[in-house]
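Undergrad: Below is a structure I'd like to ask you about.
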Amino acid sequence: MAEISPAQRLGVSEDDEEMIMSLWDLVYDGGDVDQVLEADLLALRSMAAALLLDTAPLSPESWRWAEGAELAARAAAETMAEQAADIQRALSSLLPRLPVPAGFEEEAEAFLAALRRQAEYTAARRADAEEAAALARLVRGKEVRRMAEAAEPLLHPDAAAFLAATGTSEELALRRMAAAEHLVHPATAAFLGYIACETDALLARGEAMPADELALAPQVEDAAVRTGESMAALAGKLRRGAAEFAGVEELAAALHRQAANADAARATVEAFTASVRRFRAAAAASSAMPPAAPSVQNCRPF
């Protein structure tokens with residue numbers, strides 16, 4: 001005697017059998033998958049919450065994590081929404097109108113009860129996924145706001161002090177600058193380069209501008225312009241110092257090297273500023289995306 005499938009026991013037609021079997025597998029065999037999803041979403045929310053509390057600038061790796069986390073969470077939310085729709089259809093219109101074979105009434109009722117519990121669980125996981133996506137978006141928004149509001153998001157404090165130094169303190173500041181390990185925050189410089197590339201990649205794909213990032217774009221551009229001006233002033237002051245101490249070859253050479261480093265940092269800032277301007281131009285003109293920069297493929301933070 002041929003085995004009666006769960007779907008046949010519930011009196012389901014062949015047209016609906018695949019859907020019912022999928023839901024049967026979900027409520028009776030999907031426990032491990034549900035537990036993994038629940039744990040993954042909890043980990044995403046915990047990581048995002050930690051990054052939101054962290055006062056340090058966001059690293060390129062953390063920015064990429066936030067991008068990936070948001071995409072993964074949104075995909076999970078969409079899957080949960082589709083699953084909820086299937087369950088709702090089964091509970092409200094499909095199963096109630098189908099006859100239940102004699103002798104399988106309890107099993108059918110148990111299946112319906114399990115589906116109702118699954119509907120509640122699915123709704124909860126969908127809410128978790130939407131929360132995780134929102135938190136990941138906030139992580140990126142926090143960093144964009146930090147850059148927009150910072151007086152000098154890139155300049156190292158020692159370099160800022162050197163720019164402000166005058167009179168007798170200037171020579172001492174010059175010597176400190178010659179030996180300084182960093183003129184700019186390395187992670188922030190890498191971050192700006194990475195975001196410039198990613199922004200152009202977004203434009204090249206013709207994707208819509210996120211409203212929260214677009215609202216901050218003018219402030220970000222202003223901050224980037226200020227930083228570029230500071231880097232130009234820094235390079236100029238370093239070269240003037242090198243000229244002043246031309247007779248001290250080692251010091252002059254070190255100051256020229258630092259001026260070249262300032263020029264490189266300025267180039268990174270200018271590339272970032274240009275990407276922000278393309279970003280704003282694309283939003284202002286909904287048609288005809290502007291040409292993207294050559295580096296839109298394979299963005300690297302370092």
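The way I read the labels, and the way they are meant: chains A, B, ... in the order of the structure tokens, residue 1 as the first residue of every chain, and ligand 1 as the first ligand shown, with later ones counted on from there.
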Would you list the contacts of Val269 in chain A as number ranges by chain, taking every protein, DNA or RNA residue within 8 Å and counting only C-alpha atoms, but skipping same-chain residues closer than 2 positions in sequence?

TA: A: 189, 192-193, 224-225, 227-228, 265-267, 271-273

Undergrad: Write the residues you've just listed into a file as a PDB file, in the first residue's frame, and include all heavy atoms for each of them.

TA:
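And here is the file that came out, part_9.pdb:
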ATOM      1  N   ALA A 189      41.988  58.187   6.911  1.00  0.00           N
ATOM      2  CA  ALA A 189      42.418  58.364   5.523  1.00  0.00           C
ATOM      3  C   ALA A 189      42.002  57.170   4.678  1.00  0.00           C
ATOM      4  O   ALA A 189      41.490  57.311   3.563  1.00  0.00           O
ATOM      5  CB  ALA A 189      43.931  58.565   5.471  1.00  0.00           C
ATOM      6  N   LEU A 192      38.210  57.285   4.122  1.00  0.00           N
ATOM      7  CA  LEU A 192      37.770  58.237   3.106  1.00  0.00           C
ATOM      8  C   LEU A 192      37.995  57.680   1.700  1.00  0.00           C
ATOM      9  O   LEU A 192      37.152  57.826   0.818  1.00  0.00           O
ATOM     10  CB  LEU A 192      38.509  59.560   3.273  1.00  0.00           C
ATOM     11  CG  LEU A 192      38.164  60.386   4.519  1.00  0.00           C
ATOM     12  CD1 LEU A 192      38.998  61.652   4.558  1.00  0.00           C
ATOM     13  CD2 LEU A 192      36.683  60.721   4.576  1.00  0.00           C
ATOM     14  N   GLY A 193      39.161  57.067   1.483  1.00  0.00           N
ATOM     15  CA  GLY A 193      39.431  56.485   0.173  1.00  0.00           C
ATOM     16  C   GLY A 193      38.464  55.377  -0.180  1.00  0.00           C
ATOM     17  O   GLY A 193      37.980  55.279  -1.315  1.00  0.00           O
ATOM     18  N   ALA A 224      34.937  68.088   4.213  1.00  0.00           N
ATOM     19  CA  ALA A 224      36.025  67.601   3.368  1.00  0.00           C
ATOM     20  C   ALA A 224      36.805  68.761   2.749  1.00  0.00           C
ATOM     21  O   ALA A 224      38.040  68.723   2.651  1.00  0.00           O
ATOM     22  CB  ALA A 224      35.467  66.686   2.278  1.00  0.00           C
ATOM     23  N   VAL A 225      36.094  69.805   2.336  1.00  0.00           N
ATOM     24  CA  VAL A 225      36.765  70.980   1.765  1.00  0.00           C
ATOM     25  C   VAL A 225      37.668  71.628   2.812  1.00  0.00           C
ATOM     26  O   VAL A 225      38.820  71.984   2.527  1.00  0.00           O
ATOM     27  CB  VAL A 225      35.731  71.985   1.227  1.00  0.00           C
ATOM     28  CG1 VAL A 225      36.413  73.306   0.878  1.00  0.00           C
ATOM     29  CG2 VAL A 225      35.042  71.416  -0.007  1.00  0.00           C
ATOM     30  N   THR A 227      39.049  70.215   5.347  1.00  0.00           N
ATOM     31  CA  THR A 227      40.187  69.341   5.598  1.00  0.00           C
ATOM     32  C   THR A 227      41.212  69.452   4.476  1.00  0.00           C
ATOM     33  O   THR A 227      42.422  69.480   4.722  1.00  0.00           O
ATOM     34  CB  THR A 227      39.714  67.885   5.742  1.00  0.00           C
ATOM     35  OG1 THR A 227      38.786  67.808   6.828  1.00  0.00           O
ATOM     36  CG2 THR A 227      40.873  66.949   6.015  1.00  0.00           C
ATOM     37  N   GLY A 228      40.759  69.514   3.235  1.00  0.00           N
ATOM     38  CA  GLY A 228      41.679  69.679   2.115  1.00  0.00           C
ATOM     39  C   GLY A 228      42.467  70.968   2.232  1.00  0.00           C
ATOM     40  O   GLY A 228      43.683  71.004   1.955  1.00  0.00           O
ATOM     41  N   ALA A 265      47.750  62.847   1.462  1.00  0.00           N
ATOM     42  CA  ALA A 265      46.505  62.876   2.228  1.00  0.00           C
ATOM     43  C   ALA A 265      45.515  63.850   1.611  1.00  0.00           C
ATOM     44  O   ALA A 265      44.307  63.580   1.544  1.00  0.00           O
ATOM     45  CB  ALA A 265      46.804  63.269   3.677  1.00  0.00           C
ATOM     46  N   ARG A 266      46.024  64.988   1.132  1.00  0.00           N
ATOM     47  CA  ARG A 266      45.152  65.966   0.488  1.00  0.00           C
ATOM     48  C   ARG A 266      44.514  65.369  -0.764  1.00  0.00           C
ATOM     49  O   ARG A 266      43.326  65.605  -1.044  1.00  0.00           O
ATOM     50  CB  ARG A 266      45.946  67.214   0.126  1.00  0.00           C
ATOM     51  CG  ARG A 266      45.110  68.305  -0.535  1.00  0.00           C
ATOM     52  CD  ARG A 266      45.980  69.456  -0.996  1.00  0.00           C
ATOM     53  NE  ARG A 266      45.204  70.485  -1.667  1.00  0.00           N
ATOM     54  CZ  ARG A 266      45.740  71.511  -2.303  1.00  0.00           C
ATOM     55  NH1 ARG A 266      47.063  71.648  -2.360  1.00  0.00           N
ATOM     56  NH2 ARG A 266      44.967  72.401  -2.897  1.00  0.00           N
ATOM     57  N   ALA A 267      45.277  64.594  -1.531  1.00  0.00           N
ATOM     58  CA  ALA A 267      44.728  63.955  -2.733  1.00  0.00           C
ATOM     59  C   ALA A 267      43.586  63.007  -2.371  1.00  0.00           C
ATOM     60  O   ALA A 267      42.568  62.930  -3.072  1.00  0.00           O
ATOM     61  CB  ALA A 267      45.830  63.216  -3.483  1.00  0.00           C
ATOM     62  N   ALA A 271      39.738  63.456  -3.608  1.00  0.00           N
ATOM     63  CA  ALA A 271      38.997  62.384  -4.281  1.00  0.00           C
ATOM     64  C   ALA A 271      37.674  62.125  -3.569  1.00  0.00           C
ATOM     65  O   ALA A 271      36.634  61.906  -4.202  1.00  0.00           O
ATOM     66  CB  ALA A 271      39.838  61.111  -4.321  1.00  0.00           C
ATOM     67  N   PHE A 272      37.717  62.153  -2.242  1.00  0.00           N
ATOM     68  CA  PHE A 272      36.497  61.963  -1.466  1.00  0.00           C
ATOM     69  C   PHE A 272      35.515  63.102  -1.725  1.00  0.00           C
ATOM     70  O   PHE A 272      34.315  62.879  -1.925  1.00  0.00           O
ATOM     71  CB  PHE A 272      36.844  61.889   0.022  1.00  0.00           C
ATOM     72  CG  PHE A 272      35.649  61.832   0.919  1.00  0.00           C
ATOM     73  CD1 PHE A 272      34.934  60.654   1.070  1.00  0.00           C
ATOM     74  CD2 PHE A 272      35.229  62.953   1.625  1.00  0.00           C
ATOM     75  CE1 PHE A 272      33.820  60.589   1.896  1.00  0.00           C
ATOM     76  CE2 PHE A 272      34.116  62.904   2.444  1.00  0.00           C
ATOM     77  CZ  PHE A 272      33.415  61.719   2.584  1.00  0.00           C
ATOM     78  N   THR A 273      36.029  64.348  -1.730  1.00  0.00           N
ATOM     79  CA  THR A 273      35.160  65.511  -1.979  1.00  0.00           C
ATOM     80  C   THR A 273      34.500  65.407  -3.346  1.00  0.00           C
ATOM     81  O   THR A 273      33.302  65.685  -3.500  1.00  0.00           O
ATOM     82  CB  THR A 273      35.981  66.809  -1.899  1.00  0.00           C
ATOM     83  OG1 THR A 273      36.655  66.869  -0.645  1.00  0.00           O
ATOM     84  CG2 THR A 273      35.088  68.030  -2.046  1.00  0.00           C
TER      85      THR A 273
END

Undergrad: Fewer than 4 positions away in the same chain doesn't count, so skip those; otherwise give me all residues within 12 Å of range 136-144 of chain A, counting only C-alpha atoms, as an mmCIF file with C-alpha atoms, in the first residue's frame.

TA:
data_model
loop_
_atom_site.group_PDB
_atom_site.id
_atom_site.type_symbol
_atom_site.label_atom_id
_atom_site.label_comp_id
_atom_site.auth_asym_id
_atom_site.auth_seq_id
_atom_site.Cartn_x
_atom_site.Cartn_y
_atom_site.Cartn_z
ATOM 1 C CA LEU A 41 20.257 38.135 14.165
ATOM 2 C CA ALA A 43 24.793 38.643 16.980
ATOM 3 C CA LEU A 44 24.129 41.295 14.320
ATOM 4 C CA ARG A 45 22.119 43.439 16.723
ATOM 5 C CA SER A 46 24.735 43.087 19.467
ATOM 6 C CA MET A 47 27.612 44.037 17.156
ATOM 7 C CA ALA A 48 25.732 47.027 15.748
ATOM 8 C CA ALA A 49 24.818 48.213 19.238
ATOM 9 C CA ALA A 50 28.467 47.982 20.311
ATOM 10 C CA LEU A 51 29.599 50.021 17.295
ATOM 11 C CA LEU A 52 26.975 52.661 18.017
ATOM 12 C CA LEU A 53 28.315 53.025 21.569
ATOM 13 C CA ASP A 54 31.953 53.127 20.448
ATOM 14 C CA THR A 55 33.258 56.699 20.328
ATOM 15 C CA ALA A 56 36.217 55.872 18.060
ATOM 16 C CA PRO A 57 36.016 56.616 14.312
ATOM 17 C CA LEU A 58 34.586 53.729 12.321
ATOM 18 C CA SER A 59 37.233 51.646 10.576
ATOM 19 C CA PRO A 60 36.870 50.605 6.911
ATOM 20 C CA GLU A 61 36.378 47.019 8.090
ATOM 21 C CA SER A 62 33.535 48.043 10.393
ATOM 22 C CA TRP A 63 31.927 50.106 7.626
ATOM 23 C CA ARG A 64 32.019 47.083 5.319
ATOM 24 C CA TRP A 65 30.615 44.916 8.117
ATOM 25 C CA ALA A 66 27.727 47.367 8.588
ATOM 26 C CA GLU A 67 26.994 47.349 4.852
ATOM 27 C CA GLY A 68 26.972 43.547 4.729
ATOM 28 C CA ALA A 69 24.977 43.242 7.951
ATOM 29 C CA GLU A 70 22.280 45.563 6.651
ATOM 30 C CA LEU A 71 21.979 43.628 3.384
ATOM 31 C CA ALA A 72 21.856 40.267 5.196
ATOM 32 C CA ALA A 73 19.267 41.494 7.688
ATOM 33 C CA ARG A 74 17.071 42.978 4.964
ATOM 34 C CA ALA A 129 15.775 41.286 11.159
ATOM 35 C CA GLU A 130 14.267 44.725 10.545
ATOM 36 C CA GLU A 131 15.771 45.984 13.811
ATOM 37 C CA ALA A 132 19.185 44.566 12.871
ATOM 38 C CA ALA A 148 30.184 66.095 8.810
ATOM 39 C CA GLU A 149 30.386 67.621 12.285
ATOM 40 C CA ALA A 150 34.107 67.212 13.036
ATOM 41 C CA PRO A 153 38.109 64.631 10.861
ATOM 42 C CA THR A 188 40.318 57.830 8.655
ATOM 43 C CA PHE A 191 38.144 55.152 5.302
ATOM 44 C CA LEU A 192 37.770 58.237 3.106
ATOM 45 C CA ILE A 195 34.004 55.474 0.847
ATOM 46 C CA PRO A 210 19.817 56.753 0.803
ATOM 47 C CA ALA A 211 17.821 59.709 2.102
ATOM 48 C CA ASP A 212 19.658 59.931 5.434
ATOM 49 C CA GLU A 213 23.060 60.048 3.752
ATOM 50 C CA LEU A 214 21.877 62.522 1.135
ATOM 51 C CA ALA A 215 20.638 64.887 3.866
ATOM 52 C CA LEU A 216 24.138 64.987 5.381
ATOM 53 C CA ALA A 217 26.022 65.241 2.076
ATOM 54 C CA PRO A 218 26.342 69.084 2.093
ATOM 55 C CA GLN A 219 27.854 69.017 5.592
ATOM 56 C CA VAL A 220 30.193 66.184 4.642
ATOM 57 C CA GLU A 221 31.330 68.089 1.569
ATOM 58 C CA ALA A 223 34.013 69.237 6.151
ATOM 59 C CA ALA A 224 36.025 67.601 3.368
ATOM 60 C CA VAL A 276 30.469 63.527 -2.581
#

Undergrad: As an exercise, work out the distance from CA of Arg125 in chain A to CA of Asp40 in chain A in Å and give it to one decimal place.

TA: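 Pair CA of Arg125 in chain A / CA of Asp40 in chain A returns 10.7 Å.
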
Undergrad: Go through A:Ala77, A:Leu155, A:Arg277, A:Glu171 and flag the residue nearest Ala124 in chain A, using only C-alpha atoms for the distances.

TA: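 Answer, going by the shortest atom-to-atom distance: A:Ala77.
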
Undergrad: Excluding Leu255 in chain A and any residue of its chain fewer than 5 positions from it, enumerate the residues within 8 Å of it, using only C-alpha atoms, and give them as a PDB file with N, CA, C and O atoms, in the first residue's frame.

TA:
ATOM      1  N   LEU A 174      58.210  72.221  14.371  1.00  0.00           N
ATOM      2  CA  LEU A 174      58.785  71.703  13.126  1.00  0.00           C
ATOM      3  C   LEU A 174      59.577  70.434  13.375  1.00  0.00           C
ATOM      4  O   LEU A 174      59.472  69.449  12.627  1.00  0.00           O
ATOM      5  N   MET A 177      57.296  67.623  14.033  1.00  0.00           N
ATOM      6  CA  MET A 177      56.662  67.178  12.799  1.00  0.00           C
ATOM      7  C   MET A 177      57.604  66.332  11.950  1.00  0.00           C
ATOM      8  O   MET A 177      57.186  65.375  11.301  1.00  0.00           O
ATOM      9  N   ALA A 178      58.871  66.682  11.947  1.00  0.00           N
ATOM     10  CA  ALA A 178      59.844  65.916  11.157  1.00  0.00           C
ATOM     11  C   ALA A 178      59.919  64.472  11.632  1.00  0.00           C
ATOM     12  O   ALA A 178      60.130  63.550  10.835  1.00  0.00           O
ATOM     13  N   LEU A 238      55.200  73.032   6.083  1.00  0.00           N
ATOM     14  CA  LEU A 238      56.320  72.094   6.178  1.00  0.00           C
ATOM     15  C   LEU A 238      57.415  72.450   5.168  1.00  0.00           C
ATOM     16  O   LEU A 238      58.613  72.399   5.484  1.00  0.00           O
ATOM     17  N   ARG A 239      57.033  72.825   3.968  1.00  0.00           N
ATOM     18  CA  ARG A 239      58.032  73.183   2.952  1.00  0.00           C
ATOM     19  C   ARG A 239      58.740  74.496   3.310  1.00  0.00           C
ATOM     20  O   ARG A 239      59.940  74.640   3.071  1.00  0.00           O
ATOM     21  N   GLY A 241      59.286  75.447   6.317  1.00  0.00           N
ATOM     22  CA  GLY A 241      60.221  75.061   7.366  1.00  0.00           C
ATOM     23  C   GLY A 241      61.452  74.381   6.806  1.00  0.00           C
ATOM     24  O   GLY A 241      62.575  74.615   7.267  1.00  0.00           O
ATOM     25  N   ALA A 242      61.251  73.533   5.772  1.00  0.00           N
ATOM     26  CA  ALA A 242      62.397  72.856   5.144  1.00  0.00           C
ATOM     27  C   ALA A 242      63.325  73.871   4.507  1.00  0.00           C
ATOM     28  O   ALA A 242      64.557  73.737   4.569  1.00  0.00           O
TER      29      ALA A 242
END

Undergrad: For Ile87 in chain A, which residue among A:Asp34, A:Glu270, A:Glu120, A:Asp158 is the nearest when counting only C-alpha atoms?

TA: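 Ranking A:Asp34, A:Glu270, A:Glu120, A:Asp158 by distance to Ile87 in chain A, first place goes to A:Glu120.
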
Undergrad: Could you tell me how far CA of Ala81 in chain A sits from CA of Leu37 in chain A, in Å to one decimal place?

TA: 14.4 Å

Undergrad: If you measure from CA of Asp25 in chain A to CA of Ala133 in chain A, what distance in Å do you get, rounded to one decimal?

TA: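 Calculated distance between CA of Asp25 in chain A and CA of Ala133 in chain A is 27.5 Å.
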
Undergrad: Any chance you could list, as JSON, numbers by chain, the residues in range 202-252 of chain A that come up alpha helix (DSSP H) when DSSP is run on the backbone?

TA: {"A": [202, 203, 204, 211, 212, 213, 214, 215, 216, 217, 218, 219, 220, 221, 222, 223, 224, 225, 226, 227, 228, 229, 230, 231, 232, 233, 234, 235, 236, 237, 238, 239, 240, 241, 242, 243, 244, 249, 250, 251, 252]}

Undergrad: Filtering to N, CA and C atoms, could you give me those residues as a compact mmCIF listing (two decimals), in the first residue's frame?

TA:
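As a result, again_14.txt now contains:
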# COMPACT_ATOMS: atom_id res chain seq x y z
N LEU A 202 28.33 52.89 -6.24
CA LEU A 202 26.88 53.03 -6.09
C LEU A 202 26.29 53.79 -7.25
N LEU A 203 26.93 54.89 -7.62
CA LEU A 203 26.44 55.70 -8.73
C LEU A 203 26.51 54.93 -10.04
N ALA A 204 27.60 54.19 -10.23
CA ALA A 204 27.76 53.43 -11.48
C ALA A 204 26.67 52.38 -11.63
N ALA A 211 18.27 58.37 1.72
CA ALA A 211 17.82 59.71 2.10
C ALA A 211 18.61 60.27 3.28
N ASP A 212 18.95 59.41 4.27
CA ASP A 212 19.66 59.93 5.43
C ASP A 212 21.07 60.38 5.08
N GLU A 213 21.72 59.65 4.16
CA GLU A 213 23.06 60.05 3.75
C GLU A 213 23.01 61.29 2.85
N LEU A 214 22.01 61.36 2.01
CA LEU A 214 21.88 62.52 1.13
C LEU A 214 21.66 63.80 1.95
N ALA A 215 20.90 63.71 3.04
CA ALA A 215 20.64 64.89 3.87
C ALA A 215 21.91 65.44 4.49
N LEU A 216 22.89 64.56 4.75
CA LEU A 216 24.14 64.99 5.38
C LEU A 216 25.22 65.33 4.37
N ALA A 217 24.98 65.06 3.10
CA ALA A 217 26.02 65.24 2.08
C ALA A 217 26.59 66.67 2.03
N PRO A 218 25.76 67.73 2.12
CA PRO A 218 26.34 69.08 2.09
C PRO A 218 27.31 69.33 3.24
N GLN A 219 26.96 68.85 4.45
CA GLN A 219 27.85 69.02 5.59
C GLN A 219 29.15 68.22 5.40
N VAL A 220 29.01 67.01 4.87
CA VAL A 220 30.19 66.18 4.64
C VAL A 220 31.12 66.85 3.63
N GLU A 221 30.51 67.41 2.58
CA GLU A 221 31.33 68.09 1.57
C GLU A 221 32.05 69.28 2.18
N ASP A 222 31.36 70.07 2.99
CA ASP A 222 31.99 71.24 3.62
C ASP A 222 33.15 70.80 4.51
N ALA A 223 32.94 69.72 5.27
CA ALA A 223 34.01 69.24 6.15
C ALA A 223 35.21 68.76 5.34
N ALA A 224 34.94 68.09 4.21
CA ALA A 224 36.03 67.60 3.37
C ALA A 224 36.81 68.76 2.75
N VAL A 225 36.09 69.81 2.34
CA VAL A 225 36.76 70.98 1.77
C VAL A 225 37.67 71.63 2.81
N ARG A 226 37.15 71.78 4.03
CA ARG A 226 37.96 72.36 5.10
C ARG A 226 39.22 71.54 5.35
N THR A 227 39.05 70.21 5.35
CA THR A 227 40.19 69.34 5.60
C THR A 227 41.21 69.45 4.48
N GLY A 228 40.76 69.51 3.24
CA GLY A 228 41.68 69.68 2.12
C GLY A 228 42.47 70.97 2.23
N GLU A 229 41.80 72.04 2.66
CA GLU A 229 42.49 73.32 2.84
C GLU A 229 43.54 73.21 3.96
N SER A 230 43.20 72.49 5.03
CA SER A 230 44.15 72.31 6.13
C SER A 230 45.37 71.52 5.67
N MET A 231 45.13 70.48 4.84
CA MET A 231 46.26 69.67 4.36
C MET A 231 47.16 70.50 3.45
N ALA A 232 46.57 71.37 2.64
CA ALA A 232 47.37 72.24 1.78
C ALA A 232 48.20 73.21 2.62
N ALA A 233 47.57 73.77 3.67
CA ALA A 233 48.31 74.67 4.56
C ALA A 233 49.42 73.95 5.28
N LEU A 234 49.16 72.71 5.68
CA LEU A 234 50.17 71.92 6.38
C LEU A 234 51.37 71.65 5.48
N ALA A 235 51.10 71.23 4.25
CA ALA A 235 52.20 70.96 3.31
C ALA A 235 53.01 72.23 3.06
N GLY A 236 52.33 73.35 2.90
CA GLY A 236 53.03 74.60 2.66
C GLY A 236 53.90 75.00 3.82
N LYS A 237 53.39 74.85 5.02
CA LYS A 237 54.18 75.23 6.20
C LYS A 237 55.38 74.31 6.39
N LEU A 238 55.20 73.03 6.08
CA LEU A 238 56.32 72.09 6.18
C LEU A 238 57.42 72.45 5.17
N ARG A 239 57.03 72.83 3.97
CA ARG A 239 58.03 73.18 2.95
C ARG A 239 58.74 74.50 3.31
N ARG A 240 58.00 75.42 3.88
CA ARG A 240 58.66 76.65 4.32
C ARG A 240 59.65 76.36 5.43
N GLY A 241 59.29 75.45 6.32
CA GLY A 241 60.22 75.06 7.37
C GLY A 241 61.45 74.38 6.81
N ALA A 242 61.25 73.53 5.77
CA ALA A 242 62.40 72.86 5.14
C ALA A 242 63.33 73.87 4.51
N ALA A 243 62.74 74.91 3.89
CA ALA A 243 63.57 75.95 3.28
C ALA A 243 64.32 76.73 4.33
N GLU A 244 63.67 76.98 5.46
CA GLU A 244 64.31 77.74 6.52
C GLU A 244 65.48 76.98 7.12
N GLU A 249 70.52 69.33 6.74
CA GLU A 249 70.03 68.45 5.67
C GLU A 249 69.06 67.39 6.17
N GLU A 250 69.37 66.75 7.27
CA GLU A 250 68.50 65.67 7.75
C GLU A 250 67.12 66.19 8.11
N LEU A 251 67.07 67.33 8.80
CA LEU A 251 65.79 67.93 9.18
C LEU A 251 65.02 68.39 7.95
N ALA A 252 65.70 69.05 7.01
CA ALA A 252 65.04 69.53 5.81
C ALA A 252 64.47 68.38 4.99

Undergrad: Pick from A:Gln258, A:Thr268, A:Ser22, A:Gln35: nearest to Leu115 in chain A, with only C-alpha atoms counted?

TA: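 Of all the options, A:Ser22 lies closest to Leu115 in chain A.
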